[in-house]
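Colleague: Below is the file final_39.csv, with CSV, C-alpha atoms.
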chain,number,residue,atom,x,y,z
A,1,MET,CA,26.8,57.1,100.3
A,2,ASP,CA,24.6,59.9,99.1
A,3,ARG,CA,24.6,63.4,100.6
A,4,ILE,CA,20.9,63.7,99.8
A,5,SER,CA,19.2,60.3,99.6
A,6,ASP,CA,15.9,59.0,98.2
A,7,LEU,CA,14.4,59.5,101.7
A,8,GLU,CA,14.8,63.3,101.6
A,9,LYS,CA,13.6,63.5,98.0
A,10,ARG,CA,10.5,61.5,98.9
A,11,TYR,CA,9.7,63.8,101.8
A,12,VAL,CA,10.2,66.9,99.7
A,13,MET,CA,7.9,65.5,97.0
A,14,GLU,CA,5.3,64.7,99.6
A,15,ALA,CA,5.5,68.3,100.9
A,16,LEU,CA,5.1,69.6,97.3
A,17,SER,CA,2.2,67.3,96.7
A,18,ASN,CA,0.4,69.0,99.6
A,19,GLU,CA,0.5,72.2,97.4
A,20,PHE,CA,1.1,74.3,100.5
A,21,GLU,CA,-2.5,74.1,101.5
A,22,THR,CA,-2.9,75.9,104.8
A,23,SER,CA,-4.2,72.8,106.6
A,24,LYS,CA,-1.2,70.8,105.5
A,25,ASN,CA,1.6,73.4,105.5
A,26,SER,CA,3.0,72.5,108.8
A,27,ILE,CA,3.0,68.7,108.7
A,28,PHE,CA,6.8,68.4,108.2
A,29,ASN,CA,7.6,71.3,110.5
A,30,ASN,CA,5.7,69.6,113.3
A,31,LYS,CA,7.4,66.3,112.7
A,32,LEU,CA,10.8,67.8,112.5
A,33,GLU,CA,10.5,69.9,115.7
A,34,SER,CA,9.2,66.9,117.7
A,35,SER,CA,11.9,64.6,116.4
A,36,PHE,CA,14.7,67.1,116.9
A,37,ALA,CA,13.7,67.9,120.5
A,38,GLN,CA,13.5,64.1,121.2
A,39,LYS,CA,17.0,63.6,119.6
A,40,PHE,CA,18.5,66.0,122.2
A,41,HIS,CA,16.4,64.8,125.1
A,42,LEU,CA,14.8,68.3,125.4
A,43,LYS,CA,11.1,69.4,125.4
A,44,TYR,CA,11.0,72.2,122.7
A,45,ALA,CA,12.4,72.8,119.2
A,46,ILE,CA,11.6,75.7,117.0
A,47,GLY,CA,12.5,75.7,113.3
A,48,HIS,CA,14.0,78.9,111.7
A,49,CYS,CA,14.9,80.1,108.3
A,50,ASN,CA,18.6,79.9,109.2
A,51,GLY,CA,21.1,79.5,112.0
A,52,THR,CA,21.7,83.2,112.5
A,53,ALA,CA,18.0,84.0,113.0
A,54,THR,CA,18.1,81.4,115.8
A,55,LEU,CA,20.8,83.3,117.7
A,56,HIS,CA,19.0,86.6,117.3
A,57,VAL,CA,15.8,85.1,118.7
A,58,ALA,CA,17.6,83.3,121.5
A,59,LEU,CA,19.3,86.5,122.6
A,60,MET,CA,16.0,88.5,122.6
A,61,ALA,CA,14.2,85.7,124.4
A,62,CYS,CA,16.8,85.9,127.1
A,63,GLY,CA,16.2,89.6,127.5
A,64,VAL,CA,19.4,90.9,125.8
A,65,GLY,CA,19.0,94.5,124.8
A,66,PRO,CA,20.7,97.9,124.4
A,67,GLY,CA,23.6,98.4,126.7
A,68,ASP,CA,24.0,94.8,127.6
A,69,GLU,CA,27.2,92.8,126.9
A,70,VAL,CA,27.4,89.3,125.5
A,71,ILE,CA,30.6,87.3,125.6
A,72,VAL,CA,31.4,85.6,122.3
A,73,PRO,CA,34.4,83.8,120.8
A,74,ALA,CA,36.8,85.9,118.7
A,75,LEU,CA,37.6,82.9,116.6
A,76,THR,CA,34.4,82.1,114.7
A,77,MET,CA,32.2,83.2,111.9
A,78,SER,CA,30.9,86.8,112.6
A,79,SER,CA,27.3,85.5,112.3
A,80,THR,CA,27.7,84.6,116.0
A,81,SER,CA,28.2,88.2,117.1
A,82,ILE,CA,26.2,90.1,114.5
A,83,PRO,CA,22.9,89.1,116.3
A,84,VAL,CA,24.3,90.7,119.5
A,85,VAL,CA,24.8,94.0,117.6
A,86,LEU,CA,21.3,93.7,116.1
A,87,CYS,CA,19.9,93.5,119.7
A,88,GLY,CA,21.7,96.8,120.4
A,89,ALA,CA,24.1,95.0,122.7
A,90,ILE,CA,27.9,94.9,122.7
A,91,PRO,CA,29.8,91.7,121.8
A,92,VAL,CA,32.8,91.2,124.1
A,93,PHE,CA,35.4,88.9,122.5
A,94,ALA,CA,36.9,86.1,124.5
A,95,ASP,CA,40.2,84.4,123.5
A,96,SER,CA,40.7,80.8,122.4
A,97,ASP,CA,42.2,77.8,124.1
A,98,ILE,CA,45.5,77.3,122.3
A,99,GLU,CA,45.1,73.5,122.2
A,100,THR,CA,41.4,72.9,121.6
A,101,PHE,CA,40.8,76.2,119.6
A,102,GLU,CA,37.5,76.6,121.6
A,103,ILE,CA,36.5,79.6,123.6
A,104,SER,CA,38.6,79.8,126.8
A,105,ALA,CA,36.8,79.7,130.1
A,106,ASP,CA,39.7,81.7,131.7
A,107,SER,CA,39.2,84.4,129.1
A,108,ILE,CA,35.5,84.4,129.5
A,109,GLU,CA,36.0,85.0,133.3
A,110,LYS,CA,38.2,88.0,132.6
A,111,CYS,CA,35.5,89.4,130.2
A,112,ILE,CA,32.6,89.4,132.6
A,113,THR,CA,31.4,92.8,133.8
A,114,GLU,CA,28.4,94.1,135.6
A,115,LYS,CA,26.8,94.6,132.1
A,116,THR,CA,27.3,91.0,131.0
A,117,LYS,CA,24.0,89.4,130.2
A,118,ALA,CA,24.8,86.2,128.3
A,119,ILE,CA,27.6,84.0,126.9
A,120,ILE,CA,27.5,82.4,123.4
A,121,THR,CA,29.7,79.4,123.0
A,122,VAL,CA,30.6,77.9,119.7
A,123,SER,CA,31.5,74.2,119.3
A,124,LEU,CA,34.1,75.1,116.8
A,125,TYR,CA,34.8,72.6,114.0
A,126,GLY,CA,32.7,70.0,115.8
A,127,LEU,CA,34.3,70.0,119.3
A,128,ALA,CA,32.7,71.1,122.5
A,129,PRO,CA,34.1,73.9,124.8
A,130,ASP,CA,34.7,73.4,128.5
A,131,TYR,CA,31.1,73.3,129.6
A,132,ASP,CA,31.8,72.5,133.2
A,133,ARG,CA,33.7,75.7,133.7
A,134,ILE,CA,31.5,77.8,131.6
A,135,ILE,CA,28.3,76.7,133.3
A,136,GLU,CA,29.9,77.4,136.7
A,137,LEU,CA,30.6,81.0,135.5
A,138,CYS,CA,27.0,81.3,134.2
A,139,LYS,CA,25.6,80.2,137.6
A,140,LYS,CA,27.9,82.4,139.6
A,141,HIS,CA,27.1,85.6,137.6
A,142,ASN,CA,23.5,84.7,136.6
A,143,LEU,CA,24.2,84.7,132.9
A,144,ALA,CA,22.3,83.0,130.1
A,145,LEU,CA,24.1,80.4,128.1
A,146,ILE,CA,23.4,80.1,124.4
A,147,GLU,CA,25.2,77.3,122.5
A,148,ASP,CA,26.0,78.0,118.8
A,149,ASN,CA,26.3,74.4,117.5
A,150,ALA,CA,26.3,75.2,113.8
A,151,GLU,CA,29.4,73.1,113.3
A,152,CYS,CA,28.6,70.3,115.8
A,153,PHE,CA,26.0,67.6,115.5
A,154,LEU,CA,26.1,64.5,117.7
A,155,GLY,CA,29.3,65.7,119.3
A,156,THR,CA,29.4,64.9,123.0
A,157,TYR,CA,30.9,66.3,126.2
A,158,LYS,CA,31.3,63.9,129.2
A,159,GLY,CA,28.6,61.7,128.0
A,160,LYS,CA,26.0,64.3,127.1
A,161,LEU,CA,25.1,65.6,123.6
A,162,VAL,CA,26.4,69.1,122.7
A,163,GLY,CA,23.0,70.9,122.7
A,164,GLU,CA,21.9,69.8,126.2
A,165,PHE,CA,23.8,72.4,128.2
A,166,GLY,CA,22.5,75.9,127.4
A,167,ASP,CA,19.4,77.8,128.1
A,168,PHE,CA,19.2,77.6,124.3
A,169,ALA,CA,21.1,75.6,121.7
A,170,SER,CA,21.2,76.7,118.0
A,171,PHE,CA,21.8,74.5,115.0
A,172,SER,CA,22.3,75.4,111.3
A,173,PHE,CA,21.3,73.5,108.2
A,174,GLN,CA,23.4,75.6,105.8
A,175,ALA,CA,24.9,73.7,102.8
A,176,SER,CA,28.2,72.8,104.5
A,177,LYS,CA,26.7,71.5,107.7
A,178,HIS,CA,26.3,67.9,109.0
A,179,LEU,CA,22.6,68.0,108.2
A,180,THR,CA,21.5,70.3,105.5
A,181,THR,CA,18.5,71.7,103.6
A,182,GLY,CA,20.5,74.4,101.9
A,183,GLU,CA,19.6,76.9,104.6
A,184,GLY,CA,17.6,76.6,107.8
A,185,GLY,CA,18.1,76.5,111.5
A,186,MET,CA,16.8,75.0,114.8
A,187,LEU,CA,16.6,76.4,118.3
A,188,ILE,CA,16.1,74.0,121.2
A,189,THR,CA,15.5,74.5,124.9
A,190,ASN,CA,14.0,72.8,128.0
A,191,ASN,CA,12.5,76.0,129.3
A,192,GLU,CA,8.8,76.5,128.4
A,193,GLU,CA,8.8,80.3,129.1
A,194,LEU,CA,11.9,80.8,126.9
A,195,ALA,CA,10.4,78.6,124.2
A,196,ASP,CA,7.1,80.6,124.3
A,197,ARG,CA,9.1,83.9,123.8
A,198,ALA,CA,11.2,82.4,121.1
A,199,ARG,CA,8.2,81.1,119.1
A,200,ARG,CA,6.5,84.5,119.2
A,201,LEU,CA,9.8,86.3,118.2
A,202,ASN,CA,10.1,83.8,115.4
A,203,CYS,CA,6.5,84.2,114.2
A,204,LEU,CA,5.6,87.9,114.1
A,205,GLY,CA,4.5,88.1,117.7
A,206,TYR,CA,1.4,86.0,117.0
A,207,ALA,CA,-0.9,85.4,120.0
A,208,GLY,CA,-1.8,81.9,118.9
A,209,VAL,CA,1.7,80.3,118.8
A,210,SER,CA,3.6,78.9,121.8
A,211,ALA,CA,6.4,76.6,122.7
A,212,LYS,CA,4.8,73.6,120.9
A,213,GLN,CA,2.3,75.4,118.7
A,214,GLY,CA,3.9,76.9,115.6
A,215,LYS,CA,0.8,77.5,113.5
A,216,ILE,CA,-2.4,79.4,114.0
A,217,THR,CA,-5.6,77.6,113.0
A,218,ARG,CA,-7.8,79.0,110.3
A,219,ASN,CA,-10.8,79.1,112.7
A,220,ASP,CA,-8.8,81.3,115.1
A,221,ILE,CA,-7.4,83.7,112.6
A,222,GLN,CA,-10.4,84.1,110.4
A,223,ASP,CA,-12.3,86.0,113.0
A,224,PRO,CA,-12.8,89.8,112.6
A,225,ASN,CA,-12.3,90.2,116.4
A,226,TYR,CA,-9.1,88.1,116.6
A,227,SER,CA,-6.1,90.0,117.9
A,228,ARG,CA,-3.1,88.5,116.1
A,229,HIS,CA,-0.1,90.2,117.6
A,230,ILE,CA,0.4,90.4,121.3
A,231,SER,CA,4.1,91.4,120.8
A,232,PHE,CA,6.4,92.3,117.9
A,233,GLY,CA,8.5,89.6,116.2
A,234,TYR,CA,10.3,88.6,113.1
A,235,ASN,CA,9.2,86.3,110.2
A,236,TYR,CA,12.0,83.8,110.8
A,237,ARG,CA,10.0,80.6,110.3
A,238,MET,CA,11.3,77.5,108.5
A,239,SER,CA,9.6,76.6,105.3
A,240,GLU,CA,7.8,73.3,104.8
A,241,LEU,CA,10.3,72.2,102.1
A,242,GLN,CA,13.2,72.9,104.4
A,243,ALA,CA,11.6,70.9,107.1
A,244,ALA,CA,10.8,68.0,104.8
A,245,CYS,CA,14.4,67.8,103.6
A,246,VAL,CA,16.1,68.1,107.0
A,247,LEU,CA,13.7,65.6,108.6
A,248,GLY,CA,15.1,63.0,106.2
A,249,GLN,CA,18.6,64.1,107.1
A,250,LEU,CA,17.8,63.8,110.8
A,251,GLU,CA,16.7,60.2,110.3
A,252,ARG,CA,20.1,59.6,108.7
A,253,ALA,CA,22.0,61.7,111.2
A,254,GLU,CA,24.2,58.9,112.6
A,255,GLU,CA,25.5,57.8,109.2
A,256,LEU,CA,26.1,61.3,108.0
A,257,VAL,CA,28.1,62.3,111.1
A,258,GLN,CA,29.9,59.0,111.2
A,259,ARG,CA,31.2,59.5,107.6
A,260,ARG,CA,32.9,62.7,108.8
A,261,ILE,CA,34.4,61.0,111.8
A,262,ASP,CA,35.7,58.2,109.5
A,263,VAL,CA,37.3,60.7,107.2
A,264,ALA,CA,39.0,62.4,110.2
A,265,ALA,CA,40.5,59.0,111.2
A,266,ILE,CA,42.0,58.7,107.7
A,267,PHE,CA,43.6,62.1,108.0
A,268,ASP,CA,44.8,61.1,111.5
A,269,GLU,CA,46.9,58.4,109.9
A,270,ALA,CA,48.3,60.9,107.3
A,271,ILE,CA,49.7,63.3,109.9
A,272,LYS,CA,51.3,60.7,112.2
A,273,ASP,CA,55.0,61.0,112.9
A,274,GLN,CA,55.3,64.7,111.8
A,275,THR,CA,55.5,68.0,113.6
A,276,LEU,CA,54.6,70.5,110.9
A,277,LEU,CA,50.8,70.3,111.5
A,278,LYS,CA,49.2,70.2,114.9
A,279,LYS,CA,45.7,68.8,115.1
A,280,GLN,CA,42.8,70.3,117.2
A,281,ALA,CA,43.1,68.6,120.6
A,282,GLU,CA,40.3,66.3,121.6
A,283,LEU,CA,40.5,65.9,125.3
A,284,GLU,CA,39.3,63.0,127.4
A,285,GLY,CA,35.5,63.1,127.7
A,286,TYR,CA,35.0,65.0,124.4
A,287,LYS,CA,33.8,63.6,121.1
A,288,ASN,CA,34.4,65.6,118.0
A,289,SER,CA,31.9,65.4,115.2
A,290,TYR,CA,34.4,66.9,112.7
A,291,TRP,CA,32.6,69.5,110.7
A,292,THR,CA,36.1,70.1,109.3
A,293,TYR,CA,39.5,68.5,110.1
A,294,CYS,CA,41.3,71.4,111.6
A,295,LEU,CA,45.1,71.8,111.8
A,296,VAL,CA,47.6,74.5,112.7
A,297,LEU,CA,50.7,75.1,110.6
A,298,ASP,CA,53.9,75.4,112.7
A,299,THR,CA,55.5,78.5,111.2
A,300,ASP,CA,56.8,81.9,112.3
A,301,ASN,CA,55.9,83.4,109.0
A,302,PRO,CA,52.2,82.4,108.3
A,303,ASP,CA,51.6,85.3,105.8
A,304,VAL,CA,53.9,83.4,103.4
A,305,ASP,CA,53.9,79.8,104.6
A,306,TRP,CA,50.1,79.3,104.8
A,307,TYR,CA,49.9,80.1,101.1
A,308,ARG,CA,53.0,78.1,100.2
A,309,PHE,CA,51.7,74.9,101.8
A,310,ARG,CA,48.3,75.4,100.1
A,311,ASP,CA,49.8,75.9,96.7
A,312,LEU,CA,51.9,72.8,97.1
A,313,PHE,CA,48.9,70.8,98.3
A,314,GLN,CA,46.9,71.8,95.3
A,315,LYS,CA,49.9,71.2,92.9
A,316,ASN,CA,50.0,67.6,94.3
A,317,GLY,CA,46.3,67.2,93.5
A,318,GLY,CA,44.7,68.3,96.8
A,319,ASP,CA,41.3,69.7,96.8
A,320,GLY,CA,42.5,72.9,98.5
A,321,TYR,CA,41.6,73.8,102.0
A,322,TYR,CA,39.8,76.4,104.0
A,323,ALA,CA,41.2,79.3,106.0
A,324,ALA,CA,39.8,80.4,109.4
A,325,TRP,CA,37.6,83.4,109.1
A,326,LYS,CA,39.1,86.7,110.0
A,327,LEU,CA,38.6,87.3,113.8
A,328,SER,CA,35.3,89.0,114.1
A,329,TYR,CA,36.7,92.2,115.6
A,330,ASN,CA,39.2,92.4,112.7
A,331,GLU,CA,36.4,92.6,110.1
A,332,PRO,CA,35.9,96.1,108.7
A,333,ALA,CA,32.4,96.6,110.1
A,334,TYR,CA,33.6,95.9,113.6
A,335,GLN,CA,36.7,98.1,113.2
A,336,ASN,CA,34.9,101.0,111.6
A,337,ILE,CA,31.4,100.9,113.0
A,338,LEU,CA,31.5,99.0,116.3
A,339,GLN,CA,34.8,100.0,117.7
A,340,PRO,CA,34.0,103.7,118.0
A,341,LEU,CA,30.7,103.2,119.7
A,342,ALA,CA,30.2,104.2,123.4
A,343,GLY,CA,30.5,101.3,125.7
A,344,VAL,CA,32.9,99.3,123.6
A,345,TRP,CA,35.8,98.9,126.1
A,346,GLN,CA,38.0,96.4,124.2
A,347,LYS,CA,40.6,97.6,121.8
A,348,TYR,CA,40.4,95.6,118.6
A,349,ASP,CA,44.1,94.8,118.1
A,350,GLU,CA,46.4,91.9,118.4
A,351,HIS,CA,46.4,92.2,122.2
A,352,CYS,CA,42.7,91.7,122.4
A,353,CYS,CA,42.8,87.9,121.9
A,354,PRO,CA,46.4,86.8,121.3
A,355,ASN,CA,45.8,83.1,121.1
A,356,ALA,CA,43.0,83.6,118.6
A,357,GLU,CA,45.3,85.9,116.6
A,358,TYR,CA,48.0,83.2,116.5
A,359,LEU,CA,45.7,80.4,115.5
A,360,GLN,CA,43.7,82.2,112.9
A,361,LYS,CA,46.7,83.0,110.6
A,362,ARG,CA,47.9,79.4,110.7
A,363,MET,CA,44.7,77.3,110.5
A,364,ILE,CA,44.2,74.7,107.8
A,365,GLN,CA,40.7,73.2,107.5
A,366,LEU,CA,40.4,70.1,105.4
A,367,LYS,CA,36.9,69.1,104.3
A,368,THR,CA,35.4,65.9,105.8
A,369,ASN,CA,32.3,65.6,103.7
A,370,TYR,CA,33.7,63.0,101.3
A,371,TRP,CA,30.7,60.8,100.3
A,372,ASP,CA,33.1,58.4,98.5
A,373,ILE,CA,35.6,57.3,101.1
A,374,GLU,CA,38.2,56.5,98.4
A,375,ASP,CA,38.3,60.2,97.6
A,376,ALA,CA,39.2,60.9,101.3
A,377,LYS,CA,42.0,58.3,101.2
A,378,LYS,CA,43.5,59.9,98.1
A,379,GLN,CA,43.4,63.3,99.8
A,380,ALA,CA,45.1,61.9,102.8
A,381,GLU,CA,47.9,60.5,100.7
A,382,ILE,CA,48.3,63.9,99.0
A,383,LEU,CA,48.5,65.5,102.4
A,384,LYS,CA,51.2,63.1,103.5
A,385,LYS,CA,53.2,63.8,100.3
A,386,THR,CA,52.7,67.6,100.7
A,387,ILE,CA,54.1,67.5,104.3
A,388,LYS,CA,57.1,65.6,103.0
A,389,ASP,CA,57.7,67.9,100.0
A,390,TYR,CA,57.2,71.0,102.1
A,391,MET,CA,59.8,69.9,104.7
A,392,GLY,CA,62.2,68.9,102.0
A,393,SER,CA,62.0,72.3,100.4
A,394,LYS,CA,62.9,74.3,103.5
The structure given in the file should be rewritten as structure tokens.
Modeller:
Amino acid sequence: MDRISDLEKRYVMEALSNEFETSKNSIFNNKLESSFAQKFHLKYAIGHCNGTATLHVALMACGVGPGDEVIVPALTMSSTSIPVVLCGAIPVFADSDIETFEISADSIEKCITEKTKAIITVSLYGLAPDYDRIIELCKKHNLALIEDNAECFLGTYKGKLVGEFGDFASFSFQASKHLTTGEGGMLITNNEELADRARRLNCLGYAGVSAKQGKITRNDIQDPNYSRHISFGYNYRMSELQAACVLGQLERAEELVQRRIDVAAIFDEAIKDQTLLKKQAELEGYKNSYWTYCLVLDTDNPDVDWYRFRDLFQKNGGDGYYAAWKLSYNEPAYQNILQPLAGVWQKYDEHCCPNAEYLQKRMIQLKTNYWDIEDAKKQAEILKKTIKDYMGSK
């Protein structure tokens, strides 16, 4: 199968043929937003230039500002917590569940203070967190819930799509994601007031935009008495070319996601009957959409053994594999700039989030976006051989 099919190419060419005329420059954006909201059984979808802008807008729309605290996972890309800092708020890092690798509800509960305003969950590697517990905490403490689903598309939790749970849900269309247009993002919600705020934050604070209206008409704006800006906002809008491409991807979403699930099943067979690698746990009622196939290497010396296994895998013909990102609070900007700030009460060391510290050093992420299934089968055989070789060399 093709990563980018003739459908996406046809839509992009159609968008180009419109030559970005003002009257035609939102056709694909409107189609995409409508289709995306419908896919997730929600009312509103707002296209963005990327999946970090979506989180920034969601936080601001939820009223997060200076002095507030937002609970985020320690184990995820730092782009989840950077928007918190950009709001003038303080990210508070919650630990991981040692089996599922997702943000731990128990840790979230310990992180809540009187300053907590919101929780951002991440459906890490394609798997949902424990939404029941997390939503219970949000209701108890009157907290906004923002889902960061950059790595999860069509994953489910107890029969509902990941994306249907939060006040906002954010998606990314960056190059490695389930659906892609190179860059791009989408924010969805069922709350009209939040959608109105998000649209204006996304679109320079324009008066003429709203939850379902992403474009100001020429007759409105070409009036010398027209007041354009009723608030301040960012220019985070999605381009028409991005929208055209991802609309085609959305129409192929099931087959694109299923390919990754099929590849994961092939890797499942390769790791049977061994104890060196532990797979991310997929509990009953959860469906993983497998952005990557995530494993943890059983070792007491990850600083040596992670590289030793990788080198052996590549020597055997493996494509290589991905590491987990450094824990956000271990990144230099957080250590050197954020840690000393007033109001930061966590100490950014190995005691902050011990499960996440353990997992991060041992994680092996195998790619699942093999568009030729035979390539995936070859990699699975190489993985099986590497496990055998590694164990035999100890």
Colleague: Could you jot down the atom CA of Tyr329 of chain A to atom CA of Phe309 of chain A separation for me, Å, one decimal place?
Modeller: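 Separation of atom CA of Tyr329 of chain A and atom CA of Phe309 of chain A: 26.7 Å.
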Colleague: If I take atom CA of Leu359 of chain A and atom CA of Glu99 of chain A, how far is one from the other in Å, to one decimal?
Modeller: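 Separation of atom CA of Leu359 of chain A and atom CA of Glu99 of chain A: 9.6 Å.
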Colleague: Might you pull out every residue within 8 Å of segment 187-194 of chain A, with only C-alpha atoms counted and same-chain residues fewer than 4 positions away left off, and present them as a tab-separated table (two decimals) with C-alpha atoms, in the frame of the given file?
Modeller:
chain	number	residue	atom	x	y	z
A	37	ALA	CA	13.70	67.90	120.50
A	42	LEU	CA	14.80	68.30	125.40
A	43	LYS	CA	11.10	69.40	125.40
A	44	TYR	CA	11.00	72.20	122.70
A	45	ALA	CA	12.40	72.80	119.20
A	46	ILE	CA	11.60	75.70	117.00
A	47	GLY	CA	12.50	75.70	113.30
A	48	HIS	CA	14.00	78.90	111.70
A	54	THR	CA	18.10	81.40	115.80
A	58	ALA	CA	17.60	83.30	121.50
A	61	ALA	CA	14.20	85.70	124.40
A	62	CYS	CA	16.80	85.90	127.10
A	163	GLY	CA	23.00	70.90	122.70
A	166	GLY	CA	22.50	75.90	127.40
A	167	ASP	CA	19.40	77.80	128.10
A	168	PHE	CA	19.20	77.60	124.30
A	169	ALA	CA	21.10	75.60	121.70
A	170	SER	CA	21.20	76.70	118.00
A	171	PHE	CA	21.80	74.50	115.00
A	198	ALA	CA	11.20	82.40	121.10
A	211	ALA	CA	6.40	76.60	122.70
Colleague: Using all atoms listed in the file, can you list as a PyMOL selection string the residues within 12 Å of (17.0, 59.6, 109.0)?
Modeller: chain A and resi 3-8+11+32+35-36+39+179+244-257
Colleague: Using only C-alpha atoms, find each residue of segment 177-273 of chain A with at least one atom at most 9 Å away from an atom of segment 384-388 of chain A; report its shortest atom-to-atom pair and that distance in Å (one decimal), sort the rows by chain and rising residue number, and return the result as JSON lines.
Modeller:
{"residue": "A:Phe267", "atom": "CA", "partner": "A:Lys384", "partner_atom": "CA", "distance": 8.9}
{"residue": "A:Ala270", "atom": "CA", "partner": "A:Lys384", "partner_atom": "CA", "distance": 5.3}
{"residue": "A:Ile271", "atom": "CA", "partner": "A:Lys384", "partner_atom": "CA", "distance": 6.6}
Colleague: May I have the selected residues written with C-alpha atoms, as a compact mmCIF listing (two decimals), in the coordinates of the input?
Modeller:
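selection08.txt, freshly written:
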# COMPACT_ATOMS: atom_id res chain seq x y z
CA PHE A 267 43.60 62.10 108.00
CA ALA A 270 48.30 60.90 107.30
CA ILE A 271 49.70 63.30 109.90
Colleague: For Lys158 of chain A, which residue among A:Ile98, A:Leu75, A:Ala144, A:Leu283 is the nearest when counting only C-alpha atoms?
Modeller: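 Closest candidate: A:Leu283.
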Colleague: Provide the atom CA of Glu374 of chain A to atom CA of Asn316 of chain A distance in Å, to one decimal place.
Modeller: 16.7 Å
Colleague: Residues within 12 Å of Arg259 of chain A, please, as a ChimeraX atom specification. Count all atoms listed in the file; anything in the same chain fewer than 5 positions from it doesn't count.
Modeller: /A:1-3,178,252-254,264-266,289-292,367-374,376
Colleague: Have a look at A:Glu33, A:Glu69, A:Glu183, A:Glu114 and name the one nearest to Phe93 of chain A; count all atoms listed in the file.
Modeller: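 Under the stated criterion, the closest residue is A:Glu69.
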Colleague: My list of candidates is A:Asn18, A:Ile108, A:Gly159, A:Glu164. Which is closest to His141 of chain A when distances are computed with all atoms listed in the file?
Modeller: A:Ile108
Colleague: Would you pick out the contacts of Lys326 of chain A at 12 Å or less, using all atoms listed in the file, so that residues sharing its chain but fewer than 4 positions from it are not included, and give the list as a list in words?
Modeller: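 Skipping anything fewer than 4 positions along the chain leaves Ala74, Leu75, Thr76, Met77, Ser78, Tyr322, Asn330, Glu331, Pro332, Ala333, Tyr334, Ala356, Glu357, Tyr358, Leu359, Gln360, Lys361, Arg362 and Met363 of chain A.
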Colleague: May I ask which of the residues A:Gln339, A:Ile382, A:Asp148, A:Arg197 is the closest one to Lys315 of chain A, counting all atoms listed in the file?
Modeller: A:Ile382
Colleague: Using all atoms listed in the file, pick whichever of A:Lys287, A:Arg200, A:His56, A:Lys31 has the shortest atom-to-atom distance to Leu127 of chain A.
Modeller: A:Lys287
Colleague: Between A:Gly67, A:Gly343, A:Gly184, A:Gly126, which is the closest to Arg260 of chain A once you count only C-alpha atoms?
Modeller: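 Among the listed residues, A:Gly126 lies closest to Arg260 of chain A.
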